[in-house]
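Trainee: Below is the file model32.cif, which contains mmCIF, C-alpha atoms.
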```cif
data_target
loop_
_atom_site.label_atom_id
_atom_site.label_comp_id
_atom_site.auth_asym_id
_atom_site.auth_seq_id
_atom_site.Cartn_x
_atom_site.Cartn_y
_atom_site.Cartn_z
CA MET A 5 0.00 0.00 0.00
CA ALA A 6 2.92 2.32 0.75
CA HIS A 7 4.23 1.65 -2.74
CA GLU A 8 0.87 2.64 -4.25
CA MET A 9 0.66 5.76 -2.10
CA ALA A 10 4.12 6.72 -3.36
CA HIS A 11 2.74 6.59 -6.93
CA ILE A 12 0.19 9.25 -6.00
CA LYS A 13 2.74 11.40 -4.21
CA ASN A 14 5.22 11.19 -7.12
CA TYR A 15 2.51 12.00 -9.72
CA ASP A 16 3.12 8.68 -11.50
CA SER A 17 -0.62 8.12 -11.38
CA LYS A 18 -1.14 11.50 -13.09
CA VAL A 19 0.93 10.39 -16.09
CA LYS A 20 -0.95 7.08 -16.11
CA LEU A 21 -4.38 8.74 -16.00
CA THR A 22 -3.39 11.30 -18.66
CA LEU A 23 -2.35 8.46 -20.93
CA PHE A 24 -5.60 6.64 -20.16
CA ALA A 25 -7.63 9.74 -21.09
CA LEU A 26 -5.65 10.45 -24.28
CA VAL A 27 -5.85 6.84 -25.48
CA GLY A 28 -9.61 6.96 -24.95
CA SER A 29 -9.82 10.21 -26.93
CA ILE A 30 -7.69 8.81 -29.76
CA ALA A 31 -9.94 5.73 -30.01
CA VAL A 32 -13.11 7.85 -30.19
CA ILE A 33 -11.60 10.34 -32.65
CA ALA A 34 -10.34 7.52 -34.89
CA SER A 35 -13.78 5.90 -34.88
CA THR A 36 -15.41 9.25 -35.71
CA LEU A 37 -12.99 9.92 -38.56
CA ILE A 38 -13.51 6.43 -40.00
CA ALA A 39 -17.29 6.81 -39.78
CA THR A 40 -17.08 10.28 -41.43
CA GLY A 41 -14.86 8.90 -44.20
CA VAL A 42 -17.21 5.99 -44.87
CA ALA A 43 -20.20 8.36 -44.91
CA MET A 44 -18.46 10.75 -47.35
CA LEU A 45 -17.46 7.84 -49.59
CA THR A 46 -21.00 6.44 -49.55
CA MET A 47 -22.46 9.87 -50.36
CA ARG A 48 -20.03 10.32 -53.25
CA ILE A 49 -20.83 6.86 -54.64
CA GLY A 50 -24.56 7.53 -54.23
CA ARG A 51 -24.29 10.89 -56.04
CA GLN A 52 -22.38 9.32 -58.91
CA ALA A 53 -24.85 6.44 -59.05
CA SER A 54 -27.84 8.78 -59.29
CA SER A 55 -26.28 10.83 -62.07
CA PHE A 56 -24.66 8.14 -64.23
CA ALA A 57 -24.97 4.59 -63.07
CA LEU A 58 -28.74 4.35 -62.58
CA ARG A 59 -29.47 5.71 -66.07
CA ASP A 60 -26.94 3.29 -67.57
CA LEU A 61 -28.33 0.48 -65.49
CA ALA A 62 -31.87 1.19 -66.71
CA ALA A 63 -30.74 1.29 -70.35
CA ALA A 64 -28.72 -1.90 -69.99
CA SER A 65 -31.41 -3.81 -68.15
CA ALA A 66 -34.23 -3.01 -70.63
CA PRO A 67 -33.24 -5.72 -73.21
CA LEU A 68 -32.74 -8.21 -70.40
CA LEU A 69 -36.18 -7.48 -69.01
CA ARG A 70 -37.66 -7.76 -72.50
CA LEU A 71 -35.92 -11.11 -72.98
CA ALA A 72 -37.14 -12.36 -69.63
CA ALA A 73 -40.69 -11.32 -70.41
CA ARG A 74 -40.55 -13.01 -73.82
CA GLY A 75 -39.27 -16.21 -72.22
CA PHE A 76 -42.01 -16.00 -69.66
CA GLN A 77 -44.63 -15.65 -72.46
CA GLN A 78 -43.30 -18.73 -74.19
CA LEU A 79 -44.00 -20.92 -71.18
CA PRO A 80 -47.06 -23.06 -72.05
CA MET A 81 -48.86 -22.58 -68.77
CA SER A 82 -48.34 -18.88 -68.43
CA ARG A 83 -48.93 -17.85 -72.03
CA ASN A 84 -52.63 -17.19 -71.66
CA THR A 85 -52.22 -15.46 -68.35
CA CYS A 86 -49.52 -13.23 -69.72
CA ALA A 87 -51.48 -12.49 -72.85
CA LYS A 88 -54.51 -11.45 -70.81
CA ASN A 89 -52.72 -9.42 -68.18
CA THR A 90 -49.95 -7.87 -70.28
CA PRO A 91 -51.17 -7.58 -73.85
CA THR A 92 -48.39 -5.25 -74.88
CA LEU A 93 -44.85 -5.01 -73.59
CA LEU A 94 -43.38 -1.56 -73.83
CA THR A 95 -39.67 -0.91 -73.98
CA PRO A 96 -38.13 2.19 -72.35
CA THR A 97 -38.28 3.87 -75.77
CA GLY A 98 -42.05 3.36 -75.95
CA ARG A 99 -41.98 0.88 -78.83
CA GLU A 100 -43.62 -2.49 -78.59
CA MET B 8 11.88 12.37 -5.26
CA TYR B 9 11.25 16.01 -6.18
CA ARG B 10 12.99 15.34 -9.48
CA ALA B 11 10.60 12.45 -10.11
CA ILE B 12 7.64 14.70 -9.34
CA GLU B 13 8.88 17.42 -11.69
CA ARG B 14 9.64 14.85 -14.40
CA ASN B 15 6.16 13.30 -14.17
CA LYS B 16 4.52 16.73 -14.35
CA ARG B 17 6.61 17.50 -17.44
CA TYR B 18 5.67 14.15 -19.02
CA SER B 19 1.96 14.84 -18.45
CA ILE B 20 2.18 18.27 -20.08
CA ALA B 21 4.35 16.92 -22.92
CA LEU B 22 1.83 14.17 -23.65
CA ILE B 23 -1.03 16.66 -23.89
CA VAL B 24 0.98 19.08 -26.04
CA LEU B 25 2.10 16.25 -28.37
CA PHE B 26 -1.48 15.06 -28.69
CA ALA B 27 -2.70 18.60 -29.44
CA LEU B 28 0.01 19.08 -32.08
CA ILE B 29 -0.90 15.81 -33.82
CA VAL B 30 -4.60 16.73 -33.84
CA ILE B 31 -3.87 20.24 -35.15
CA ALA B 32 -1.58 18.87 -37.87
CA LEU B 33 -4.14 16.26 -38.93
CA SER B 34 -7.04 18.70 -39.02
CA THR B 35 -4.99 21.32 -40.90
CA TRP B 36 -4.02 18.71 -43.48
CA LEU B 37 -7.69 17.71 -43.90
CA SER B 38 -8.71 21.37 -44.24
CA ILE B 39 -6.07 22.00 -46.90
CA ALA B 40 -7.07 18.82 -48.76
CA GLY B 41 -10.76 19.70 -48.56
CA GLN B 42 -10.18 23.44 -49.24
CA SER B 43 -12.48 24.32 -46.36
CA PRO B 44 -11.80 25.46 -42.77
CA TRP B 45 -14.65 23.37 -41.36
CA PRO B 46 -12.78 20.04 -40.90
CA ALA B 47 -10.14 21.79 -38.78
CA ILE B 48 -12.73 23.69 -36.73
CA LEU B 49 -14.87 20.59 -36.17
CA ILE B 50 -11.99 18.24 -35.36
CA ILE B 51 -10.19 20.65 -33.03
CA GLY B 52 -13.44 21.61 -31.29
CA PHE B 53 -14.65 18.05 -30.87
CA THR B 54 -11.23 16.70 -29.85
CA GLY B 55 -10.57 19.52 -27.39
CA GLY B 56 -13.95 19.16 -25.75
CA TYR B 57 -13.84 15.40 -25.59
CA THR B 58 -10.26 15.29 -24.25
CA TRP B 59 -11.05 17.91 -21.61
CA TRP B 60 -14.06 15.86 -20.52
CA GLN B 61 -11.96 12.66 -20.52
CA LEU B 62 -9.24 14.28 -18.39
CA ARG B 63 -11.89 15.49 -15.95
CA SER B 64 -13.55 12.11 -15.67
CA ALA B 65 -10.45 9.89 -16.09
CA LEU B 66 -10.28 8.99 -12.40
CA LYS B 67 -13.91 7.85 -12.22
CA SER B 68 -13.67 6.09 -15.54
CA ALA B 69 -10.46 4.20 -14.68
CA ALA B 70 -11.82 3.24 -11.26
CA LYS B 71 -15.00 1.94 -12.86
CA HIS B 72 -13.01 -0.09 -15.41
CA ALA B 73 -10.85 -1.57 -12.63
CA GLY B 74 -13.95 -2.53 -10.64
CA CYS B 75 -13.17 -0.29 -7.64
CA VAL B 76 -15.90 0.06 -5.01
CA GLU B 77 -15.42 2.87 -2.50
CA VAL B 78 -15.61 1.75 1.11
CA SER B 79 -16.05 3.63 4.36
CA ASP B 80 -14.18 3.30 7.65
CA ALA B 81 -17.02 1.19 9.03
CA GLN B 82 -16.91 -1.26 6.12
CA GLU B 83 -13.11 -1.78 5.96
CA PRO B 84 -11.58 -0.44 9.18
CA LYS B 85 -8.22 -2.25 8.73
CA LEU B 86 -7.59 -0.95 5.22
CA CYS B 87 -8.74 2.58 6.02
CA ARG B 88 -6.47 2.70 9.06
CA ILE B 89 -3.44 1.57 7.04
CA VAL B 90 -4.13 4.14 4.31
CA GLU B 91 -4.68 6.91 6.84
CA ASN B 92 -1.41 6.12 8.65
CA LEU B 93 0.52 6.09 5.37
CA ALA B 94 -1.07 9.38 4.30
CA ILE B 95 -0.08 11.03 7.58
CA ARG B 96 3.44 9.64 7.25
CA ASN B 97 3.74 10.97 3.68
CA GLY B 98 2.24 14.37 4.56
CA MET B 99 -0.64 14.15 2.10
CA PRO B 100 -4.43 14.10 2.45
CA ARG B 101 -6.02 10.69 2.81
CA PRO B 102 -7.10 9.39 -0.60
CA LYS B 103 -10.39 7.59 -1.21
CA VAL B 104 -10.20 3.94 -0.21
CA CYS B 105 -11.63 1.31 -2.55
CA VAL B 106 -11.86 -2.46 -2.69
CA ILE B 107 -11.73 -4.62 -5.82
CA GLU B 108 -13.53 -7.94 -5.53
CA ASP B 109 -10.75 -10.16 -6.85
CA ALA B 110 -9.02 -13.16 -5.29
CA GLU B 111 -5.53 -12.15 -6.51
CA PRO B 112 -3.52 -10.07 -4.01
CA ASN B 113 -2.94 -6.71 -5.71
CA ALA B 114 -3.30 -2.96 -5.19
CA LEU B 115 -3.47 0.14 -7.34
CA ALA B 116 -3.37 3.88 -7.04
CA LEU B 117 -5.11 6.38 -9.30
CA GLY B 118 -5.31 10.14 -9.22
CA MET B 119 -4.41 13.39 -10.89
CA SER B 120 -3.03 14.84 -7.67
CA PRO B 121 -2.72 13.84 -3.99
CA ASN B 122 -5.89 15.87 -3.33
CA ASN B 123 -7.89 13.89 -5.88
CA ALA B 124 -6.77 10.28 -5.70
CA LEU B 125 -7.84 6.82 -4.69
CA VAL B 126 -6.11 3.72 -3.45
CA ALA B 127 -7.61 0.30 -4.04
CA ALA B 128 -6.77 -3.14 -2.71
CA THR B 129 -8.16 -6.44 -3.90
CA ARG B 130 -10.10 -8.75 -1.61
CA GLY B 131 -7.29 -11.28 -1.97
CA LEU B 132 -4.78 -8.80 -0.54
CA LEU B 133 -7.08 -7.93 2.36
CA ASN B 134 -7.60 -11.61 3.17
CA SER B 135 -3.86 -12.36 3.01
CA MET B 136 -2.93 -9.55 5.41
CA THR B 137 -1.64 -10.75 8.76
CA PRO B 138 -2.67 -9.03 12.01
CA ARG B 139 0.82 -7.49 12.08
CA ASP B 140 0.25 -5.93 8.64
CA SER B 141 -3.08 -4.51 9.71
CA LYS B 142 -1.53 -2.79 12.75
CA ARG B 143 1.02 -0.91 10.64
#
```
What's the structure tokens form of this structure?

Mentor:
Amino acid sequence: MAHEMAHIKNYDSKVKLTLFALVGSIAVIASTLIATGVAMLTMRIGRQASSFALRDLAAASAPLLRLAARGFQQLPMSRNTCAKNTPTLLTPTGRE
Amino acid sequence: MYRAIERNKRYSIALIVLFALIVIALSTWLSIAGQSPWPAILIIGFTGGYTWWQLRSALKSAAKHAGCVEVSDAQEPKLCRIVENLAIRNGMPRPKVCVIEDAEPNALALGMSPNNALVAATRGLLNSMTPRDSKR
């Protein structure tokens, strides 16, 4: 106990507690910076996606959707159902 | 001993200054990279406030992490008497006395200054103390 009391008197415990506080601060600041970086990156990707990628994705996926719908119509059981419910299939350009 | 005290005070100040310099350098670099003063203002403000709060509450926080439970003279008369005698012998105010519920014999001291400190002993140390130890 005398040894521990000497730590207090010599201010060893002050250095220890200062380190404890600074390490805690560094951990929180690092986490905050990482979270901010991830958020900024996500926002940038989202902005780019809304301006370029979504339009490209829609244009690229239109033939695939058309193909899928055509395949679906060719199924024997679903042909009548499809013909009744979706008589015309419009492409993004408005043509049949 | 006075040299040790002065050295430890210098170390504490040096640690804080070094930390502040690193934070200022990092935030300045981010501000220059982002071409805006806001990252520096936000980081320095947040870091300064949080570190100040951490330094204020470091004693409580460390004691909580170590599992220290403050005890009174009535609860642990032997331990309190030992600590009080040592404090008188060292010419410092009596620190708070805590007990850690652990079977290993150990002790620790925490505190920013002799006026704001605590001394803790584990239950194992208290149980292993002989009557001669408790009279010291």

Trainee: Quick one: contact table of chain A to chain B, 12 Å max, nearest atom pair and distance in Å to one decimal per residue, counting all atoms listed in the file, chain and number order, as JSON lines?

Mentor:
```
{"residue": "A:Met5", "atom": "CA", "partner": "B:Ala114", "partner_atom": "CA", "distance": 6.8}
{"residue": "A:Ala6", "atom": "CA", "partner": "B:Leu93", "partner_atom": "CA", "distance": 6.4}
{"residue": "A:His7", "atom": "CA", "partner": "B:Ala116", "partner_atom": "CA", "distance": 9.0}
{"residue": "A:Glu8", "atom": "CA", "partner": "B:Ala116", "partner_atom": "CA", "distance": 5.2}
{"residue": "A:Met9", "atom": "CA", "partner": "B:Ala116", "partner_atom": "CA", "distance": 6.6}
{"residue": "A:Ala10", "atom": "CA", "partner": "B:Asn97", "partner_atom": "CA", "distance": 8.2}
{"residue": "A:His11", "atom": "CA", "partner": "B:Ala116", "partner_atom": "CA", "distance": 6.7}
{"residue": "A:Ile12", "atom": "CA", "partner": "B:Pro121", "partner_atom": "CA", "distance": 5.8}
{"residue": "A:Lys13", "atom": "CA", "partner": "B:Pro121", "partner_atom": "CA", "distance": 6.0}
{"residue": "A:Asn14", "atom": "CA", "partner": "B:Ile12", "partner_atom": "CA", "distance": 4.8}
{"residue": "A:Tyr15", "atom": "CA", "partner": "B:Ile12", "partner_atom": "CA", "distance": 5.8}
{"residue": "A:Asp16", "atom": "CA", "partner": "B:Asn15", "partner_atom": "CA", "distance": 6.1}
{"residue": "A:Ser17", "atom": "CA", "partner": "B:Leu117", "partner_atom": "CA", "distance": 5.2}
{"residue": "A:Lys18", "atom": "CA", "partner": "B:Met119", "partner_atom": "CA", "distance": 4.4}
{"residue": "A:Val19", "atom": "CA", "partner": "B:Ser19", "partner_atom": "CA", "distance": 5.1}
{"residue": "A:Lys20", "atom": "CA", "partner": "B:Leu117", "partner_atom": "CA", "distance": 8.0}
{"residue": "A:Leu21", "atom": "CA", "partner": "B:Ala65", "partner_atom": "CA", "distance": 6.2}
{"residue": "A:Thr22", "atom": "CA", "partner": "B:Ser19", "partner_atom": "CA", "distance": 6.4}
{"residue": "A:Leu23", "atom": "CA", "partner": "B:Leu22", "partner_atom": "CA", "distance": 7.6}
{"residue": "A:Phe24", "atom": "CA", "partner": "B:Ala65", "partner_atom": "CA", "distance": 7.1}
{"residue": "A:Ala25", "atom": "CA", "partner": "B:Gln61", "partner_atom": "CA", "distance": 5.3}
{"residue": "A:Leu26", "atom": "CA", "partner": "B:Thr58", "partner_atom": "CA", "distance": 6.7}
{"residue": "A:Val27", "atom": "CA", "partner": "B:Thr58", "partner_atom": "CA", "distance": 9.6}
{"residue": "A:Gly28", "atom": "CA", "partner": "B:Gln61", "partner_atom": "CA", "distance": 7.6}
{"residue": "A:Ser29", "atom": "CA", "partner": "B:Thr58", "partner_atom": "CA", "distance": 5.8}
{"residue": "A:Ile30", "atom": "CA", "partner": "B:Thr54", "partner_atom": "CA", "distance": 8.6}
{"residue": "A:Ala31", "atom": "CA", "partner": "B:Thr54", "partner_atom": "CA", "distance": 11.0}
{"residue": "A:Val32", "atom": "CA", "partner": "B:Tyr57", "partner_atom": "CA", "distance": 8.9}
{"residue": "A:Ile33", "atom": "CA", "partner": "B:Thr54", "partner_atom": "CA", "distance": 7.0}
{"residue": "A:Ala34", "atom": "CA", "partner": "B:Thr54", "partner_atom": "CA", "distance": 10.5}
{"residue": "A:Thr36", "atom": "CA", "partner": "B:Ile50", "partner_atom": "CA", "distance": 9.6}
{"residue": "A:Leu37", "atom": "CA", "partner": "B:Ile50", "partner_atom": "CA", "distance": 9.0}
{"residue": "A:Thr40", "atom": "CA", "partner": "B:Pro46", "partner_atom": "CA", "distance": 10.7}
{"residue": "A:Gly41", "atom": "CA", "partner": "B:Leu37", "partner_atom": "CA", "distance": 11.4}
{"residue": "A:Met44", "atom": "CA", "partner": "B:Gly41", "partner_atom": "CA", "distance": 11.9}
```

Trainee: Let's have the selection written as a PDB file, in the frame of the given file, with C-alpha atoms.

Mentor:
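Wrote it out as selection07.pdb, contents follow:
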```pdb
ATOM      1  CA  MET A   5       0.000   0.000   0.000  1.00  0.00           C
ATOM      2  CA  ALA A   6       2.920   2.320   0.750  1.00  0.00           C
ATOM      3  CA  HIS A   7       4.230   1.650  -2.740  1.00  0.00           C
ATOM      4  CA  GLU A   8       0.870   2.640  -4.250  1.00  0.00           C
ATOM      5  CA  MET A   9       0.660   5.760  -2.100  1.00  0.00           C
ATOM      6  CA  ALA A  10       4.120   6.720  -3.360  1.00  0.00           C
ATOM      7  CA  HIS A  11       2.740   6.590  -6.930  1.00  0.00           C
ATOM      8  CA  ILE A  12       0.190   9.250  -6.000  1.00  0.00           C
ATOM      9  CA  LYS A  13       2.740  11.400  -4.210  1.00  0.00           C
ATOM     10  CA  ASN A  14       5.220  11.190  -7.120  1.00  0.00           C
ATOM     11  CA  TYR A  15       2.510  12.000  -9.720  1.00  0.00           C
ATOM     12  CA  ASP A  16       3.120   8.680 -11.500  1.00  0.00           C
ATOM     13  CA  SER A  17      -0.620   8.120 -11.380  1.00  0.00           C
ATOM     14  CA  LYS A  18      -1.140  11.500 -13.090  1.00  0.00           C
ATOM     15  CA  VAL A  19       0.930  10.390 -16.090  1.00  0.00           C
ATOM     16  CA  LYS A  20      -0.950   7.080 -16.110  1.00  0.00           C
ATOM     17  CA  LEU A  21      -4.380   8.740 -16.000  1.00  0.00           C
ATOM     18  CA  THR A  22      -3.390  11.300 -18.660  1.00  0.00           C
ATOM     19  CA  LEU A  23      -2.350   8.460 -20.930  1.00  0.00           C
ATOM     20  CA  PHE A  24      -5.600   6.640 -20.160  1.00  0.00           C
ATOM     21  CA  ALA A  25      -7.630   9.740 -21.090  1.00  0.00           C
ATOM     22  CA  LEU A  26      -5.650  10.450 -24.280  1.00  0.00           C
ATOM     23  CA  VAL A  27      -5.850   6.840 -25.480  1.00  0.00           C
ATOM     24  CA  GLY A  28      -9.610   6.960 -24.950  1.00  0.00           C
ATOM     25  CA  SER A  29      -9.820  10.210 -26.930  1.00  0.00           C
ATOM     26  CA  ILE A  30      -7.690   8.810 -29.760  1.00  0.00           C
ATOM     27  CA  ALA A  31      -9.940   5.730 -30.010  1.00  0.00           C
ATOM     28  CA  VAL A  32     -13.110   7.850 -30.190  1.00  0.00           C
ATOM     29  CA  ILE A  33     -11.600  10.340 -32.650  1.00  0.00           C
ATOM     30  CA  ALA A  34     -10.340   7.520 -34.890  1.00  0.00           C
ATOM     31  CA  THR A  36     -15.410   9.250 -35.710  1.00  0.00           C
ATOM     32  CA  LEU A  37     -12.990   9.920 -38.560  1.00  0.00           C
ATOM     33  CA  THR A  40     -17.080  10.280 -41.430  1.00  0.00           C
ATOM     34  CA  GLY A  41     -14.860   8.900 -44.200  1.00  0.00           C
ATOM     35  CA  MET A  44     -18.460  10.750 -47.350  1.00  0.00           C
TER      36      MET A  44
END
```

Trainee: What does the distance from atom CA of Met136 of chain B to atom CA of Lys67 of chain B come to in Å, to one decimal?

Mentor: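 Separation of atom CA of Met136 of chain B and atom CA of Lys67 of chain B: 27.1 Å.
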
Trainee: What gap, in Å, lies between atom CA of Ser135 of chain B and atom CA of Lys103 of chain B?

Mentor: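 Taking atom CA of Ser135 of chain B and atom CA of Lys103 of chain B, their separation equals 21.4 Å.
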
Trainee: Hey, what's within 8 Å of segment 76-84 of chain B if we count all atoms listed in the file and toss same-chain stuff fewer than 3 positions away? As a list in words, please?

Mentor: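 Surrounding residues, per the criterion: Cys87, Arg88, Lys103, Val104, Cys105, Val106 and Ile107 of chain B.
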
Trainee: Separation of atom CA of Ile48 of chain B and atom CA of Thr35 of chain B, in Å?

Mentor: 9.1 Å

Trainee: Counting all atoms listed in the file, figure out which residue out of B:Glu108, B:Trp36, B:Ile95, B:Lys85 gets nearest to Arg139 of chain B.

Mentor: B:Lys85

Trainee: Centre and edge lengths, as JSON, for the axis-aligned box enclosing every listed atom of segment 33-47 of chain B with 5 Å of padding on each of the six sides, in Å to one decimal?

Mentor:
```
{"center_x": -9.3, "center_y": 20.9, "center_z": -44.0, "size_x": 20.6, "size_y": 19.2, "size_z": 20.5}
```
